[in-house]
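coords-v8.csv (CSV, C-alpha atoms) appears below.
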chain,number,residue,atom,x,y,z
A,19,MET,CA,7.5,2.0,-6.7
A,20,ARG,CA,8.8,4.9,-8.9
A,21,SER,CA,9.0,7.3,-5.9
A,22,HIS,CA,11.2,4.9,-4.0
A,23,ARG,CA,13.4,4.3,-7.0
A,24,SER,CA,13.6,8.0,-7.7
A,25,SER,CA,14.5,8.7,-4.0
A,26,VAL,CA,17.4,6.2,-4.1
A,27,LEU,CA,18.7,7.6,-7.4
A,28,SER,CA,18.3,11.3,-6.5
A,29,LEU,CA,19.8,11.0,-3.0
A,30,HIS,CA,22.8,9.1,-4.4
A,31,HIS,CA,23.2,11.7,-7.1
A,32,ILE,CA,23.3,14.5,-4.5
A,33,ILE,CA,25.9,12.6,-2.5
A,34,LEU,CA,28.1,11.7,-5.5
A,35,SER,CA,28.0,15.2,-6.8
A,36,ASP,CA,29.4,16.5,-3.5
A,37,LEU,CA,26.3,18.7,-2.9
A,38,CYS,CA,26.0,17.9,0.8
A,39,GLU,CA,26.8,20.7,3.2
A,40,ASN,CA,28.5,18.5,5.8
A,41,PRO,CA,29.1,14.8,6.7
A,42,GLU,CA,26.0,14.7,8.9
A,43,GLU,CA,23.8,15.7,6.0
A,44,GLU,CA,25.5,13.1,3.7
A,45,ARG,CA,24.9,10.4,6.4
A,46,GLU,CA,21.2,11.5,6.6
A,47,PHE,CA,20.8,11.2,2.8
A,48,ILE,CA,22.5,7.8,2.9
A,49,GLN,CA,20.0,6.7,5.5
A,50,GLN,CA,17.1,8.0,3.5
A,51,ALA,CA,18.3,6.2,0.4
A,52,SER,CA,18.7,3.0,2.4
A,53,ASP,CA,15.1,3.3,3.7
A,54,ALA,CA,13.8,3.9,0.2
A,55,ALA,CA,15.8,1.0,-1.2
A,56,THR,CA,14.4,-1.3,1.6
A,57,LYS,CA,10.8,-0.2,0.7
A,58,LEU,CA,11.5,-0.8,-2.9
A,59,LEU,CA,12.7,-4.3,-2.2
A,60,LYS,CA,9.6,-5.0,-0.2
A,61,LEU,CA,7.4,-3.9,-3.1
A,62,LEU,CA,9.4,-6.1,-5.5
A,63,ASP,CA,9.0,-9.1,-3.1
A,64,GLU,CA,5.2,-8.5,-3.1
A,65,ILE,CA,5.1,-8.4,-6.9
A,66,ILE,CA,7.0,-11.7,-7.0
A,67,THR,CA,4.6,-13.2,-4.5
A,68,VAL,CA,1.5,-12.1,-6.4
A,69,SER,CA,3.0,-13.5,-9.5
A,70,LYS,CA,3.6,-16.8,-7.8
A,71,ILE,CA,0.0,-16.8,-6.5
A,72,GLU,CA,-1.3,-16.1,-10.0
A,73,TYR,CA,0.6,-19.0,-11.5
A,74,GLY,CA,-0.3,-21.4,-8.8
A,75,ARG,CA,3.2,-21.7,-7.3
A,76,GLN,CA,2.1,-20.3,-4.0
A,77,LYS,CA,-1.3,-20.8,-2.3
A,78,LEU,CA,-3.3,-18.4,-0.4
A,79,THR,CA,-4.3,-19.4,3.2
A,80,ILE,CA,-8.0,-18.4,3.2
A,81,GLU,CA,-9.5,-18.3,6.7
A,82,SER,CA,-12.2,-16.6,8.6
A,83,LEU,CA,-11.1,-13.3,10.2
A,84,ASN,CA,-13.1,-11.0,12.5
A,85,VAL,CA,-13.1,-7.5,10.9
A,86,ASN,CA,-12.5,-5.8,14.2
A,87,GLN,CA,-9.5,-8.1,14.8
A,88,PHE,CA,-8.2,-7.1,11.4
A,89,PHE,CA,-8.6,-3.4,12.2
A,90,ASP,CA,-6.9,-3.8,15.6
A,91,GLU,CA,-3.9,-5.7,14.1
A,92,LEU,CA,-3.7,-3.2,11.2
A,93,TYR,CA,-3.7,-0.3,13.6
A,94,GLN,CA,-0.8,-1.8,15.6
A,95,LEU,CA,1.2,-2.1,12.3
A,96,ILE,CA,0.6,1.5,11.1
A,97,TYR,CA,-0.2,3.9,14.0
A,98,LEU,CA,3.4,5.0,14.7
A,99,GLN,CA,4.0,5.7,11.0
A,100,VAL,CA,0.8,7.6,10.7
A,101,ALA,CA,1.7,9.7,13.8
A,102,ASN,CA,5.2,10.3,12.5
A,103,PHE,CA,3.7,12.0,9.5
A,104,GLY,CA,1.5,14.2,11.7
A,105,LEU,CA,-1.7,12.4,10.6
A,106,LYS,CA,-4.5,10.8,12.6
A,107,ILE,CA,-6.3,7.6,12.1
A,108,GLU,CA,-10.0,6.9,12.9
A,109,ILE,CA,-11.2,3.3,12.8
A,110,THR,CA,-15.0,2.7,12.9
A,111,GLU,CA,-15.7,-0.4,14.8
A,112,ALA,CA,-17.7,-3.0,12.9
A,113,ASP,CA,-20.4,-5.4,14.2
A,114,GLU,CA,-18.6,-7.8,16.5
A,115,ASN,CA,-20.0,-10.7,14.5
A,116,LEU,CA,-18.7,-9.5,11.1
A,117,TYR,CA,-16.2,-11.9,9.6
A,118,MET,CA,-14.4,-12.0,6.2
A,119,MET,CA,-12.8,-14.9,4.4
A,120,VAL,CA,-9.3,-13.7,3.5
A,121,ASP,CA,-5.6,-14.5,3.6
A,122,GLN,CA,-4.8,-12.5,6.7
A,123,ARG,CA,-1.2,-11.9,5.9
A,124,ARG,CA,-1.8,-10.8,2.4
A,125,ILE,CA,-4.7,-8.4,3.3
A,126,GLN,CA,-2.6,-6.8,6.0
A,127,GLN,CA,0.3,-6.4,3.7
A,128,ALA,CA,-1.9,-4.8,1.0
A,129,PHE,CA,-3.4,-2.3,3.5
A,130,VAL,CA,0.0,-1.5,5.1
A,131,MET,CA,1.6,-0.9,1.7
A,132,LEU,CA,-1.4,1.2,0.5
A,133,ILE,CA,-1.2,3.4,3.6
A,134,ASP,CA,2.6,3.6,3.5
A,135,THR,CA,2.6,4.6,-0.1
A,136,THR,CA,0.0,7.3,0.2
A,137,ILE,CA,0.8,8.9,3.6
A,138,SER,CA,4.3,10.0,2.5
A,139,ASN,CA,2.5,12.3,0.1
A,140,LEU,CA,0.2,13.9,2.7
A,141,GLU,CA,0.9,16.9,4.9
A,142,ASN,CA,-2.0,16.5,7.2
A,143,GLY,CA,-5.4,14.9,7.6
A,144,LEU,CA,-7.4,12.1,9.0
A,145,ILE,CA,-7.3,8.5,7.6
A,146,LYS,CA,-10.5,6.7,8.1
A,147,LEU,CA,-11.0,2.9,8.1
A,148,SER,CA,-14.4,1.2,8.2
A,149,ALA,CA,-16.4,-1.8,7.0
A,150,VAL,CA,-19.7,-1.8,5.2
A,151,VAL,CA,-21.9,-4.8,4.6
A,152,ILE,CA,-22.9,-4.8,0.9
A,153,ASN,CA,-24.9,-8.0,1.0
A,154,PRO,CA,-24.8,-11.2,3.2
A,155,GLN,CA,-21.9,-12.4,1.1
A,156,THR,CA,-19.9,-9.2,0.6
A,157,ILE,CA,-18.4,-6.5,2.7
A,158,ALA,CA,-16.4,-3.5,1.7
A,159,ILE,CA,-13.4,-2.3,3.7
A,160,ASN,CA,-13.2,1.4,3.2
A,161,LEU,CA,-9.9,3.3,3.5
A,162,ASP,CA,-10.5,7.0,3.2
A,163,ILE,CA,-7.2,8.9,2.8
A,164,PRO,CA,-7.4,12.6,2.2
A,165,GLY,CA,-5.5,13.8,-0.8
A,166,ASP,CA,-5.3,14.7,-4.4
A,167,ILE,CA,-5.8,12.1,-7.1
A,168,ASN,CA,-2.3,13.0,-8.3
A,169,ILE,CA,-0.8,10.8,-5.5
A,170,TRP,CA,-1.3,7.9,-7.9
A,171,ASN,CA,1.3,7.9,-10.7
A,172,GLU,CA,-0.5,5.8,-13.3
A,173,PRO,CA,-3.4,7.2,-15.3
A,174,VAL,CA,-6.5,5.1,-15.6
A,175,ASP,CA,-6.1,4.6,-19.3
A,176,PHE,CA,-2.8,2.9,-18.6
A,177,LEU,CA,-4.6,0.3,-16.6
A,178,LYS,CA,-6.9,-0.4,-19.5
A,179,ARG,CA,-4.0,-1.1,-21.8
A,180,ILE,CA,-2.0,-3.6,-19.7
A,181,PRO,CA,-3.3,-7.1,-20.5
A,182,GLU,CA,-3.7,-7.1,-24.3
A,183,ALA,CA,-3.4,-10.9,-24.5
A,184,ASN,CA,-6.9,-11.2,-23.0
A,185,PRO,CA,-9.2,-8.4,-24.1
A,186,LYS,CA,-12.2,-9.9,-22.2
A,187,SER,CA,-10.4,-9.3,-18.8
A,188,VAL,CA,-9.7,-5.7,-19.9
A,189,LYS,CA,-13.4,-5.1,-20.6
A,190,ASP,CA,-14.4,-6.6,-17.3
A,191,PHE,CA,-11.8,-4.5,-15.5
A,192,THR,CA,-12.8,-1.4,-17.4
A,193,LYS,CA,-16.5,-1.9,-16.4
A,194,THR,CA,-15.6,-2.1,-12.7
A,195,LEU,CA,-13.6,1.2,-13.1
A,196,GLU,CA,-16.6,3.0,-14.5
C-alpha coordinates encoding of this file:
Amino acid sequence: MRSHRSSVLSLHHIILSDLCENPEEEREFIQQASDAATKLLKLLDEIITVSKIEYGRQKLTIESLNVNQFFDELYQLIYLQVANFGLKIEITEADENLYMMVDQRRIQQAFVMLIDTTISNLENGLIKLSAVVINPQTIAINLDIPGDINIWNEPVDFLKRIPEANPKSVKDFTKTLE
(Lines of atoms letter the chains of each structure in order from A and count residues from 1; the text may use other names and numbers.)
(Lines give C-alpha, C1' and ligand atoms only; values in the text may rest on other atoms or scores of the structure.)
Protein backbone atom coordinates (compact mmCIF):
# COMPACT_ATOMS: atom_id res chain seq x y z
CA MET A 1 0.00 0.00 0.00
CA ARG A 2 2.87 2.33 0.79
CA SER A 3 4.41 1.89 -2.64
CA HIS A 4 1.18 2.96 -4.37
CA ARG A 5 0.81 5.97 -2.06
CA SER A 6 4.46 6.89 -2.58
CA SER A 7 4.08 6.61 -6.35
CA VAL A 8 1.08 8.93 -6.39
CA LEU A 9 2.81 11.51 -4.20
CA SER A 10 6.20 11.42 -5.92
CA LEU A 11 4.76 11.57 -9.44
CA HIS A 12 2.57 14.52 -8.50
CA HIS A 13 5.57 16.22 -6.88
CA ILE A 14 7.58 15.84 -10.11
CA ILE A 15 4.73 17.28 -12.17
CA LEU A 16 4.00 20.18 -9.80
CA SER A 17 7.72 21.04 -9.58
CA ASP A 18 7.87 21.40 -13.38
CA LEU A 19 10.51 18.69 -13.64
CA CYS A 20 8.98 17.01 -16.69
CA GLU A 21 10.92 17.40 -19.91
CA ASN A 22 7.85 17.76 -22.12
CA PRO A 23 4.03 17.50 -22.08
CA GLU A 24 4.16 13.83 -23.17
CA GLU A 25 6.28 12.91 -20.15
CA GLU A 26 3.95 14.88 -17.89
CA ARG A 27 0.95 13.03 -19.33
CA GLU A 28 2.74 9.68 -18.80
CA PHE A 29 3.40 10.57 -15.15
CA ILE A 30 -0.23 11.57 -14.68
CA GLN A 31 -1.30 8.19 -16.09
CA GLN A 32 1.13 6.34 -13.79
CA ALA A 33 -0.16 8.30 -10.79
CA SER A 34 -3.74 7.50 -11.79
CA ASP A 35 -2.92 3.79 -12.06
CA ALA A 36 -1.24 3.81 -8.65
CA ALA A 37 -4.20 5.66 -7.12
CA THR A 38 -6.60 3.09 -8.59
CA LYS A 39 -4.57 0.24 -7.09
CA LEU A 40 -4.49 2.04 -3.75
CA LEU A 41 -8.28 2.41 -3.79
CA LYS A 42 -8.66 -1.30 -4.54
CA LEU A 43 -6.44 -2.15 -1.59
CA LEU A 44 -8.43 0.13 0.69
CA ASP A 45 -11.67 -1.46 -0.50
CA GLU A 46 -10.24 -4.87 0.37
CA ILE A 47 -9.25 -3.70 3.84
CA ILE A 48 -12.77 -2.40 4.41
CA THR A 49 -14.26 -5.68 3.16
CA VAL A 50 -12.02 -7.74 5.44
CA SER A 51 -13.01 -5.52 8.35
CA LYS A 52 -16.71 -6.06 7.56
CA ILE A 53 -16.14 -9.82 7.42
CA GLU A 54 -14.33 -9.78 10.77
CA TYR A 55 -17.18 -7.87 12.42
CA GLY A 56 -19.87 -10.05 10.88
CA ARG A 57 -21.33 -7.35 8.65
CA GLN A 58 -20.47 -9.27 5.52
CA LYS A 59 -20.57 -13.03 5.08
CA LEU A 60 -18.21 -15.24 3.16
CA THR A 61 -19.69 -17.51 0.53
CA ILE A 62 -17.91 -20.78 1.23
CA GLU A 63 -18.24 -23.34 -1.53
CA SER A 64 -16.42 -26.28 -3.01
CA LEU A 65 -13.96 -25.25 -5.72
CA ASN A 66 -11.83 -27.52 -7.87
CA VAL A 67 -8.18 -26.54 -7.43
CA ASN A 68 -7.44 -26.78 -11.16
CA GLN A 69 -10.44 -24.57 -11.91
CA PHE A 70 -9.06 -22.05 -9.41
CA PHE A 71 -5.64 -22.20 -11.10
CA ASP A 72 -7.19 -21.73 -14.57
CA GLU A 73 -9.27 -18.74 -13.50
CA LEU A 74 -6.36 -17.17 -11.63
CA TYR A 75 -4.14 -17.62 -14.68
CA GLN A 76 -6.71 -15.80 -16.85
CA LEU A 77 -6.66 -12.89 -14.40
CA ILE A 78 -2.87 -12.50 -14.16
CA TYR A 79 -1.11 -13.88 -17.22
CA LEU A 80 -1.07 -10.60 -19.18
CA GLN A 81 0.28 -8.65 -16.25
CA VAL A 82 2.94 -11.28 -15.58
CA ALA A 83 3.96 -11.20 -19.26
CA ASN A 84 4.03 -7.37 -19.28
CA PHE A 85 6.69 -7.49 -16.57
CA GLY A 86 8.75 -9.96 -18.59
CA LEU A 87 8.06 -12.80 -16.18
CA LYS A 88 6.80 -16.32 -16.74
CA ILE A 89 4.27 -18.33 -14.79
CA GLU A 90 4.25 -22.10 -14.30
CA ILE A 91 1.20 -23.79 -12.82
CA THR A 92 1.51 -27.41 -11.71
CA GLU A 93 -1.77 -29.16 -12.34
CA ALA A 94 -3.30 -30.74 -9.26
CA ASP A 95 -5.17 -34.03 -8.99
CA GLU A 96 -8.44 -33.58 -10.90
CA ASN A 97 -10.41 -34.65 -7.80
CA LEU A 98 -8.78 -32.09 -5.49
CA TYR A 99 -11.29 -29.56 -4.14
CA MET A 100 -11.10 -26.84 -1.51
CA MET A 101 -13.77 -25.12 0.56
CA VAL A 102 -13.27 -21.38 0.00
CA ASP A 103 -14.92 -18.11 -0.87
CA GLN A 104 -13.91 -18.16 -4.53
CA ARG A 105 -14.04 -14.40 -5.05
CA ARG A 106 -11.96 -13.65 -1.95
CA ILE A 107 -9.26 -16.24 -2.64
CA GLN A 108 -8.89 -14.99 -6.21
CA GLN A 109 -8.64 -11.40 -4.99
CA ALA A 110 -6.03 -12.37 -2.41
CA PHE A 111 -3.83 -14.15 -4.94
CA VAL A 112 -4.22 -11.45 -7.61
CA MET A 113 -3.28 -8.75 -5.10
CA LEU A 114 -0.35 -10.77 -3.79
CA ILE A 115 0.99 -11.35 -7.29
CA ASP A 116 0.30 -7.76 -8.35
CA THR A 117 2.10 -6.34 -5.34
CA THR A 118 5.19 -8.50 -5.73
CA ILE A 119 5.78 -8.67 -9.49
CA SER A 120 6.17 -4.92 -9.79
CA ASN A 121 9.38 -5.35 -7.76
CA LEU A 122 10.82 -8.15 -9.90
CA GLU A 123 13.02 -7.80 -12.95
CA ASN A 124 12.81 -11.39 -14.19
CA GLY A 125 11.99 -14.85 -13.05
CA LEU A 126 9.48 -17.63 -12.94
CA ILE A 127 6.38 -17.57 -10.76
CA LYS A 128 5.27 -21.05 -9.70
CA LEU A 129 1.84 -22.05 -8.44
CA SER A 130 1.02 -25.50 -7.08
CA ALA A 131 -1.14 -27.37 -4.59
CA VAL A 132 0.06 -29.88 -2.02
CA VAL A 133 -2.13 -32.16 0.07
CA ILE A 134 -1.05 -31.81 3.71
CA ASN A 135 -3.63 -34.24 5.09
CA PRO A 136 -7.14 -35.32 4.03
CA GLN A 137 -8.59 -32.08 5.44
CA THR A 138 -5.87 -29.62 4.45
CA ILE A 139 -4.18 -28.51 1.26
CA ALA A 140 -1.58 -25.83 0.73
CA ILE A 141 -1.59 -23.54 -2.27
CA ASN A 142 2.05 -22.68 -2.90
CA LEU A 143 2.95 -19.44 -4.64
CA ASP A 144 6.67 -19.30 -5.30
CA ILE A 145 7.79 -15.86 -6.40
CA PRO A 146 11.51 -15.28 -6.88
CA GLY A 147 12.82 -12.27 -5.09
CA ASP A 148 14.41 -10.73 -2.11
CA ILE A 149 12.71 -10.69 1.26
CA ASN A 150 12.99 -6.88 1.10
CA ILE A 151 9.98 -6.83 -1.22
CA TRP A 152 7.85 -6.86 1.92
CA ASN A 153 7.88 -3.53 3.73
CA GLU A 154 6.93 -4.63 7.23
CA PRO A 155 9.39 -6.41 9.53
CA VAL A 156 8.18 -9.58 11.24
CA ASP A 157 8.46 -8.00 14.69
CA PHE A 158 5.93 -5.36 13.57
CA LEU A 159 3.43 -8.13 12.98
CA LYS A 160 3.97 -9.41 16.52
CA ARG A 161 3.10 -6.00 18.00
CA ILE A 162 -0.21 -5.30 16.25
CA PRO A 163 -3.06 -6.74 18.37
CA GLU A 164 -2.08 -5.77 21.92
CA ALA A 165 -5.68 -6.06 23.07
CA ASN A 166 -5.54 -9.85 22.79
CA PRO A 167 -2.07 -11.21 23.75
CA LYS A 168 -3.22 -14.82 23.21
CA SER A 169 -3.80 -14.22 19.48
CA VAL A 170 -0.34 -12.67 19.19
CA LYS A 171 1.24 -15.77 20.78
CA ASP A 172 -0.70 -18.09 18.47
CA PHE A 173 0.26 -15.99 15.43
CA THR A 174 3.90 -15.79 16.54
CA LYS A 175 4.07 -19.58 16.88
CA THR A 176 2.87 -19.98 13.29
CA LEU A 177 5.60 -17.60 12.10
CA GLU A 178 8.35 -19.63 13.77
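Residues of protein, DNA and RNA with at least one atom no farther than 12 Å from (0.8, -2.8, 9.5) are, using only C-alpha atoms, Phe88, Phe89, Asp90, Glu91, Leu92, Tyr93, Gln94, Leu95, Ile96, Tyr97, Leu98, Gln99, Val100, Gln122, Arg123, Arg124, Ile125, Gln126, Gln127, Ala128, Phe129, Val130, Met131, Leu132, Ile133 and Asp134 of chain A.
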Next, write the just-selected residues to a file, as an mmCIF file, in the coordinates of the input, keeping C-alpha atoms as the atom set.
data_model
loop_
_atom_site.group_PDB
_atom_site.id
_atom_site.type_symbol
_atom_site.label_atom_id
_atom_site.label_comp_id
_atom_site.auth_asym_id
_atom_site.auth_seq_id
_atom_site.Cartn_x
_atom_site.Cartn_y
_atom_site.Cartn_z
ATOM 1 C CA PHE A 88 -8.200 -7.100 11.400
ATOM 2 C CA PHE A 89 -8.600 -3.400 12.200
ATOM 3 C CA ASP A 90 -6.900 -3.800 15.600
ATOM 4 C CA GLU A 91 -3.900 -5.700 14.100
ATOM 5 C CA LEU A 92 -3.700 -3.200 11.200
ATOM 6 C CA TYR A 93 -3.700 -0.300 13.600
ATOM 7 C CA GLN A 94 -0.800 -1.800 15.600
ATOM 8 C CA LEU A 95 1.200 -2.100 12.300
ATOM 9 C CA ILE A 96 0.600 1.500 11.100
ATOM 10 C CA TYR A 97 -0.200 3.900 14.000
ATOM 11 C CA LEU A 98 3.400 5.000 14.700
ATOM 12 C CA GLN A 99 4.000 5.700 11.000
ATOM 13 C CA VAL A 100 0.800 7.600 10.700
ATOM 14 C CA GLN A 122 -4.800 -12.500 6.700
ATOM 15 C CA ARG A 123 -1.200 -11.900 5.900
ATOM 16 C CA ARG A 124 -1.800 -10.800 2.400
ATOM 17 C CA ILE A 125 -4.700 -8.400 3.300
ATOM 18 C CA GLN A 126 -2.600 -6.800 6.000
ATOM 19 C CA GLN A 127 0.300 -6.400 3.700
ATOM 20 C CA ALA A 128 -1.900 -4.800 1.000
ATOM 21 C CA PHE A 129 -3.400 -2.300 3.500
ATOM 22 C CA VAL A 130 0.000 -1.500 5.100
ATOM 23 C CA MET A 131 1.600 -0.900 1.700
ATOM 24 C CA LEU A 132 -1.400 1.200 0.500
ATOM 25 C CA ILE A 133 -1.200 3.400 3.600
ATOM 26 C CA ASP A 134 2.600 3.600 3.500
#
**Message:** Show me, as a list in words, the residues that have an atom within 12 Å of A:Leu62 when counting all atoms listed in the file, minus same-chain residues fewer than 5 positions from it.
**Reply:** Met19, Arg20, His22, Arg23, Ala55, Thr56, Lys57, Thr67, Val68, Ser69 and Met131 of chain A
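Closest to A:Ala51 among A:Asn84, A:Ser24, A:Asn153, A:Gln76 is A:Ser24, based on only C-alpha atoms.
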**Asked** Of the candidates A:Glu46, A:Asp53, A:Ile107, A:His31, which one gets nearest to A:Asn142 if we count only C-alpha atoms?
**Response** A:Ile107
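Considering the residues A:Leu59, A:Leu144, A:Ala158, A:Ile163 and counting only C-alpha atoms, A:Glu108 has its shortest atom-to-atom contact with A:Leu144.
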**Prompt:** Interatomic distance between atom CA of A:Asn102 and atom CA of A:Ser138?
**Reply:** 10.0 Å
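Here atom CA of A:Asn86 stands at a distance of 6.0 Å from atom CA of A:Ala112.
For A:Ile33, the set of protein, DNA and RNA residues having any atom at most 12 Å away, when counting all atoms listed in the file and skipping those fewer than 2 positions along the same chain, is Val26, Leu27, Ser28, Leu29, His30, His31, Ser35, Asp36, Leu37, Cys38, Glu39, Asn40, Pro41, Glu42, Glu43, Glu44, Arg45, Glu46, Phe47, Ile48, Gln49, Gln50 and Ala51 of chain A.
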